[in-house]
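Working notes, beginning with the structure itself.
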Amino acid sequence: MLDQTANEPSSTSASLPADIEENTNKGRVTNNANVKKERDIHPSGTRIRVRRYRPSDSEPVRELFKVGMGYGAGSPRILALKATYTAPLSLMSYSISTLGILLAARASSNRNKYLGVGLSLAGCAFVAAYRQLMSNGYLSYINASLNDDLKDIAQHYEMKPIPRADDKDTVEYAPSGTSCFWVAEAYPEDFESGPNAEVVGSIALDASTAPDDNSIAELRRMVVSPTQRRRGVAGMLVQTLIDHARNHGIKTVTLTTSSYQPTAVLMYEKFGWVLQKKLAISLMLDKITLLVYNLDVTKA
């Protein structure tokens, strides 16, 4: 397991050290003096750190969500579209197209030839329409998310601006309650932040999804850039969230993922999440299996 992050200041704190509560590849970061020596370097030549959301992260987070969920390699939308090639509806369409080709090839009359061509084209058109409807379903979900909590992250996750102790002109956000939003940031070894840093991951703990039970919160917006996957970024983000949940008295962290996110499912299970139920939901002409997991924070 990764090292625990530093404890967060309360919402009444007057200032925040620049790098407090960052989960890094090595050790615990407590102040600027030891940040550089305690951060590990990835094979790509960049360092990775997890920190709380800042105002300047809004657009990078939104773009990352679109890529991670819809357009990037290995995203749920791309995996779902690949799965349509072997789905029962597509296999039926292939049969119709094949039948049409055979009918056209062996037709003894123009009528049968045109019928065969029509069947062949109809089968191809159905597969194309099926894939388009599946794609539209995912894009609708992405757009709905961008207009939900990702529209104003600080407001939804109740994060309040406070000045940094080392830079009064730079605003940091700290959680005013249990909810919080974090980003994973990649940056060259010689730079701490600024234009050389890139947001490559995100994760959120949302307590508003269980307003009647202060011991329950939900993991949301877990995304890692396709360029940074399989480098431990997701694990750093998840460990940061678990530590925060434990420190704020959360006993259960729920999450919902899909059957088109197998790598994420394996990671969640390694961290201790246990499958509670499966939900089949209709998405256009197909069904997607949603997986609902719970983590007992007291045992994590």
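Chain labels run A, B, ... following the order of the structure tokens; each chain numbers its residues from 1, and ligands are numbered from 1 in the order shown.
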
Segment 80-182 of chain A: residues DSSP assigns to alpha helix (DSSP H), reported as a count of residues only: 64

Who sits within 7 Å of segment 218-230 of chain A, only C-alpha atoms, same chain under 4 positions skipped, as a ChimeraX atom specification: /A:64-65,68,72-73,200-207,209,234,253-255

Residue subset to file, keeping all heavy atoms, as a CSV table (one decimal), in the first residue's frame:
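Writing the result to again_25.csv gives the following:
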```
chain,number,residue,atom,x,y,z
A,64,LEU,N,-9.6,15.8,-19.6
A,64,LEU,CA,-9.2,14.5,-19.2
A,64,LEU,C,-10.4,13.5,-19.1
A,64,LEU,O,-10.3,12.4,-19.5
A,64,LEU,CB,-8.4,14.6,-17.9
A,64,LEU,CG,-7.9,13.3,-17.3
A,64,LEU,CD1,-6.8,12.7,-18.2
A,64,LEU,CD2,-7.4,13.5,-15.9
A,65,PHE,N,-11.5,14.0,-18.5
A,65,PHE,CA,-12.6,13.2,-18.4
A,65,PHE,C,-13.2,12.7,-19.7
A,65,PHE,O,-13.5,11.6,-19.9
A,65,PHE,CB,-13.7,13.9,-17.6
A,65,PHE,CG,-15.0,13.1,-17.3
A,65,PHE,CD1,-15.0,12.1,-16.3
A,65,PHE,CD2,-16.1,13.3,-18.1
A,65,PHE,CE1,-16.1,11.4,-16.1
A,65,PHE,CE2,-17.2,12.5,-17.9
A,65,PHE,CZ,-17.2,11.6,-16.9
A,68,GLY,N,-10.6,10.2,-21.1
A,68,GLY,CA,-10.5,9.0,-20.4
A,68,GLY,C,-11.8,8.1,-20.5
A,68,GLY,O,-11.7,6.9,-20.4
A,72,GLY,N,-10.2,8.3,-25.6
A,72,GLY,CA,-8.8,7.7,-25.4
A,72,GLY,C,-8.8,6.2,-25.6
A,72,GLY,O,-9.8,5.6,-25.5
A,73,ALA,N,-7.6,5.7,-25.9
A,73,ALA,CA,-7.4,4.3,-26.0
A,73,ALA,C,-7.8,3.6,-24.7
A,73,ALA,O,-7.4,4.0,-23.6
A,73,ALA,CB,-6.0,4.0,-26.3
A,200,VAL,N,-2.9,14.5,-15.1
A,200,VAL,CA,-3.0,13.2,-15.8
A,200,VAL,C,-3.9,12.3,-15.1
A,200,VAL,O,-4.0,11.1,-15.5
A,200,VAL,CB,-1.6,12.6,-15.9
A,200,VAL,CG1,-0.6,13.5,-16.8
A,200,VAL,CG2,-0.9,12.4,-14.5
A,201,GLY,N,-4.6,12.7,-14.0
A,201,GLY,CA,-5.5,11.9,-13.3
A,201,GLY,C,-6.4,12.7,-12.4
A,201,GLY,O,-6.1,13.8,-12.1
A,202,SER,N,-7.5,12.1,-12.0
A,202,SER,CA,-8.4,12.7,-11.1
A,202,SER,C,-9.2,11.7,-10.3
A,202,SER,O,-9.4,10.5,-10.8
A,202,SER,CB,-9.4,13.7,-11.8
A,202,SER,OG,-10.3,12.9,-12.6
A,203,ILE,N,-9.7,12.1,-9.2
A,203,ILE,CA,-10.6,11.3,-8.4
A,203,ILE,C,-11.3,12.2,-7.4
A,203,ILE,O,-10.8,13.2,-7.0
A,203,ILE,CB,-9.8,10.2,-7.6
A,203,ILE,CG1,-10.7,9.1,-7.1
A,203,ILE,CG2,-9.0,10.8,-6.4
A,203,ILE,CD1,-9.9,7.9,-6.5
A,204,ALA,N,-12.5,11.7,-7.0
A,204,ALA,CA,-13.3,12.6,-6.1
A,204,ALA,C,-14.0,11.7,-5.0
A,204,ALA,O,-14.4,10.5,-5.3
A,204,ALA,CB,-14.4,13.4,-6.8
A,205,LEU,N,-14.2,12.2,-3.9
A,205,LEU,CA,-15.0,11.6,-2.8
A,205,LEU,C,-16.2,12.5,-2.6
A,205,LEU,O,-16.1,13.7,-2.3
A,205,LEU,CB,-14.2,11.5,-1.5
A,205,LEU,CG,-15.0,10.7,-0.4
A,205,LEU,CD1,-15.1,9.2,-0.8
A,205,LEU,CD2,-14.3,10.9,0.9
A,206,ASP,N,-17.4,12.0,-2.9
A,206,ASP,CA,-18.6,12.7,-2.9
A,206,ASP,C,-19.5,12.3,-1.7
A,206,ASP,O,-20.1,11.2,-1.8
A,206,ASP,CB,-19.4,12.6,-4.2
A,206,ASP,CG,-20.5,13.6,-4.4
A,206,ASP,OD1,-20.8,14.3,-3.4
A,206,ASP,OD2,-21.0,13.8,-5.5
A,207,ALA,N,-19.7,13.1,-0.7
A,207,ALA,CA,-20.5,12.8,0.4
A,207,ALA,C,-22.0,13.2,0.2
A,207,ALA,O,-22.9,12.7,0.9
A,207,ALA,CB,-20.0,13.5,1.7
A,209,THR,N,-23.9,12.1,-2.1
A,209,THR,CA,-24.8,11.1,-2.6
A,209,THR,C,-25.4,10.2,-1.5
A,209,THR,O,-26.3,9.4,-1.8
A,209,THR,CB,-23.9,10.1,-3.5
A,209,THR,OG1,-22.8,9.6,-2.7
A,209,THR,CG2,-23.4,10.9,-4.7
A,234,ALA,N,-3.2,5.6,-10.8
A,234,ALA,CA,-4.5,5.2,-10.2
A,234,ALA,C,-4.4,4.8,-8.8
A,234,ALA,O,-5.2,5.2,-7.9
A,234,ALA,CB,-5.2,4.1,-11.1
A,253,VAL,N,-17.1,3.4,1.5
A,253,VAL,CA,-17.0,4.2,0.2
A,253,VAL,C,-17.6,3.3,-0.9
A,253,VAL,O,-17.1,2.2,-1.1
A,253,VAL,CB,-15.5,4.5,-0.1
A,253,VAL,CG1,-15.4,5.2,-1.4
A,253,VAL,CG2,-14.9,5.4,1.0
A,254,THR,N,-18.6,3.8,-1.5
A,254,THR,CA,-19.2,3.1,-2.6
A,254,THR,C,-18.7,3.6,-3.9
A,254,THR,O,-18.1,4.6,-4.0
A,254,THR,CB,-20.8,3.3,-2.6
A,254,THR,OG1,-21.0,4.7,-2.9
A,254,THR,CG2,-21.3,3.0,-1.2
A,255,LEU,N,-18.9,2.8,-5.0
A,255,LEU,CA,-18.6,3.2,-6.3
A,255,LEU,C,-19.4,2.4,-7.3
A,255,LEU,O,-19.8,1.3,-7.0
A,255,LEU,CB,-17.1,3.1,-6.6
A,255,LEU,CG,-16.4,1.7,-6.7
A,255,LEU,CD1,-16.6,1.0,-8.1
A,255,LEU,CD2,-15.0,1.7,-6.3
```

Shell of 6 Å around Ser215 of chain A, only C-alpha atoms, local chain residues under 2 positions omitted, as a VMD selection string: chain A and resid 213 250 to 251

Please produce a file of the residues just selected, as a PDB file, in the first residue's frame, where the atoms kept are C-alpha atoms.
```
ATOM      1  CA  ASP A 213     -25.658   8.920   6.446  1.00  0.00           C
ATOM      2  CA  ILE A 250     -16.160   7.576   6.603  1.00  0.00           C
ATOM      3  CA  LYS A 251     -16.810   3.871   7.135  1.00  0.00           C
TER       4      LYS A 251
END
```

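Counting only C-alpha atoms, segment 261-271 of chain A has the following residues at most 9 Å away, ignoring those fewer than 3 positions along the same chain: Met1, Gly74, Ser75, Pro76, Leu79, Ala234, Gly235, Val238, Gln239, Thr257, Ser258, Val274, Leu275, Leu291, Tyr293, Leu295 and Ala300 of chain A.
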
Would you save the residues of that selection, restricted to N, CA, C and O atoms, as a PDB file, in the first residue's frame?
```pdb
ATOM      1  N   MET A   1       0.842  -1.198   0.000  1.00  0.00           N
ATOM      2  CA  MET A   1       0.000   0.000   0.000  1.00  0.00           C
ATOM      3  C   MET A   1       0.878   1.248   0.000  1.00  0.00           C
ATOM      4  O   MET A   1       1.968   1.259   0.537  1.00  0.00           O
ATOM      5  N   GLY A  74      -8.602   2.565 -24.735  1.00  0.00           N
ATOM      6  CA  GLY A  74      -9.010   1.841 -23.540  1.00  0.00           C
ATOM      7  C   GLY A  74     -10.147   2.481 -22.767  1.00  0.00           C
ATOM      8  O   GLY A  74     -10.513   1.992 -21.691  1.00  0.00           O
ATOM      9  N   SER A  75     -10.729   3.563 -23.296  1.00  0.00           N
ATOM     10  CA  SER A  75     -11.849   4.201 -22.602  1.00  0.00           C
ATOM     11  C   SER A  75     -13.094   3.337 -22.713  1.00  0.00           C
ATOM     12  O   SER A  75     -13.231   2.519 -23.636  1.00  0.00           O
ATOM     13  N   PRO A  76     -14.044   3.458 -21.775  1.00  0.00           N
ATOM     14  CA  PRO A  76     -15.259   2.631 -21.819  1.00  0.00           C
ATOM     15  C   PRO A  76     -16.003   2.739 -23.146  1.00  0.00           C
ATOM     16  O   PRO A  76     -16.515   1.737 -23.660  1.00  0.00           O
ATOM     17  N   LEU A  79     -14.088   0.695 -25.756  1.00  0.00           N
ATOM     18  CA  LEU A  79     -14.244  -0.735 -25.496  1.00  0.00           C
ATOM     19  C   LEU A  79     -15.658  -1.207 -25.830  1.00  0.00           C
ATOM     20  O   LEU A  79     -15.847  -2.313 -26.351  1.00  0.00           O
ATOM     21  N   ALA A 234      -3.190   5.558 -10.758  1.00  0.00           N
ATOM     22  CA  ALA A 234      -4.514   5.244 -10.218  1.00  0.00           C
ATOM     23  C   ALA A 234      -4.419   4.805  -8.763  1.00  0.00           C
ATOM     24  O   ALA A 234      -5.234   5.203  -7.926  1.00  0.00           O
ATOM     25  N   GLY A 235      -3.407   4.006  -8.438  1.00  0.00           N
ATOM     26  CA  GLY A 235      -3.229   3.565  -7.060  1.00  0.00           C
ATOM     27  C   GLY A 235      -2.958   4.716  -6.111  1.00  0.00           C
ATOM     28  O   GLY A 235      -3.444   4.738  -4.979  1.00  0.00           O
ATOM     29  N   VAL A 238      -6.329   6.512  -5.556  1.00  0.00           N
ATOM     30  CA  VAL A 238      -7.235   5.738  -4.699  1.00  0.00           C
ATOM     31  C   VAL A 238      -6.759   5.742  -3.254  1.00  0.00           C
ATOM     32  O   VAL A 238      -7.554   5.902  -2.320  1.00  0.00           O
ATOM     33  N   GLN A 239      -5.450   5.592  -3.039  1.00  0.00           N
ATOM     34  CA  GLN A 239      -4.943   5.584  -1.669  1.00  0.00           C
ATOM     35  C   GLN A 239      -5.163   6.929  -0.989  1.00  0.00           C
ATOM     36  O   GLN A 239      -5.490   6.998   0.201  1.00  0.00           O
ATOM     37  N   THR A 257     -19.124   1.159 -11.356  1.00  0.00           N
ATOM     38  CA  THR A 257     -18.345   1.109 -12.582  1.00  0.00           C
ATOM     39  C   THR A 257     -19.089   0.199 -13.554  1.00  0.00           C
ATOM     40  O   THR A 257     -20.219  -0.213 -13.285  1.00  0.00           O
ATOM     41  N   SER A 258     -18.473  -0.105 -14.686  1.00  0.00           N
ATOM     42  CA  SER A 258     -19.154  -0.919 -15.682  1.00  0.00           C
ATOM     43  C   SER A 258     -18.295  -2.095 -16.108  1.00  0.00           C
ATOM     44  O   SER A 258     -17.097  -2.147 -15.837  1.00  0.00           O
ATOM     45  N   VAL A 274     -15.714  -4.660  -2.498  1.00  0.00           N
ATOM     46  CA  VAL A 274     -16.436  -5.920  -2.634  1.00  0.00           C
ATOM     47  C   VAL A 274     -17.702  -5.671  -3.457  1.00  0.00           C
ATOM     48  O   VAL A 274     -18.467  -4.744  -3.192  1.00  0.00           O
ATOM     49  N   LEU A 275     -17.921  -6.522  -4.443  1.00  0.00           N
ATOM     50  CA  LEU A 275     -19.092  -6.393  -5.307  1.00  0.00           C
ATOM     51  C   LEU A 275     -20.378  -6.608  -4.508  1.00  0.00           C
ATOM     52  O   LEU A 275     -20.521  -7.602  -3.803  1.00  0.00           O
ATOM     53  N   LEU A 291     -21.643  -2.327 -12.188  1.00  0.00           N
ATOM     54  CA  LEU A 291     -21.166  -3.056 -11.018  1.00  0.00           C
ATOM     55  C   LEU A 291     -21.103  -2.098  -9.828  1.00  0.00           C
ATOM     56  O   LEU A 291     -20.439  -1.058  -9.901  1.00  0.00           O
ATOM     57  N   TYR A 293     -19.963  -1.467  -6.009  1.00  0.00           N
ATOM     58  CA  TYR A 293     -18.999  -1.967  -5.028  1.00  0.00           C
ATOM     59  C   TYR A 293     -19.054  -1.140  -3.744  1.00  0.00           C
ATOM     60  O   TYR A 293     -19.359   0.057  -3.774  1.00  0.00           O
ATOM     61  N   LEU A 295     -16.554  -0.436  -0.151  1.00  0.00           N
ATOM     62  CA  LEU A 295     -15.294  -0.634   0.558  1.00  0.00           C
ATOM     63  C   LEU A 295     -15.516  -0.365   2.042  1.00  0.00           C
ATOM     64  O   LEU A 295     -16.018   0.706   2.419  1.00  0.00           O
ATOM     65  N   ALA A 300      -9.631  -1.362   5.275  1.00  0.00           N
ATOM     66  CA  ALA A 300      -8.756  -1.074   4.131  1.00  0.00           C
ATOM     67  C   ALA A 300      -7.348  -0.710   4.593  1.00  0.00           C
ATOM     68  O   ALA A 300      -7.168  -0.131   5.651  1.00  0.00           O
TER      69      ALA A 300
END
```

Which residues are near Arg52 of chain A? Cut-off 7 Å, only C-alpha atoms, ignore same chain within fewer than 3 positions. Put them as a tab-separated table (two decimals) with N, CA, C and O atoms, in the first residue's frame.
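Final output, saved to result-v4.tsv:
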```
chain	number	residue	atom	x	y	z
A	173	TYR	N	-7.37	25.22	-2.71
A	173	TYR	CA	-8.67	24.82	-2.22
A	173	TYR	C	-8.49	23.76	-1.14
A	173	TYR	O	-7.67	22.86	-1.27
A	181	PHE	N	-11.87	16.72	-3.95
A	181	PHE	CA	-11.49	16.38	-5.33
A	181	PHE	C	-9.99	16.52	-5.45
A	181	PHE	O	-9.40	17.50	-4.99
A	182	TRP	N	-9.35	15.51	-6.07
A	182	TRP	CA	-7.89	15.53	-6.22
A	182	TRP	C	-7.51	15.34	-7.68
A	182	TRP	O	-8.27	14.77	-8.47
A	183	VAL	N	-6.32	15.79	-8.02
A	183	VAL	CA	-5.76	15.52	-9.34
A	183	VAL	C	-4.37	14.91	-9.17
A	183	VAL	O	-3.69	15.14	-8.16
```
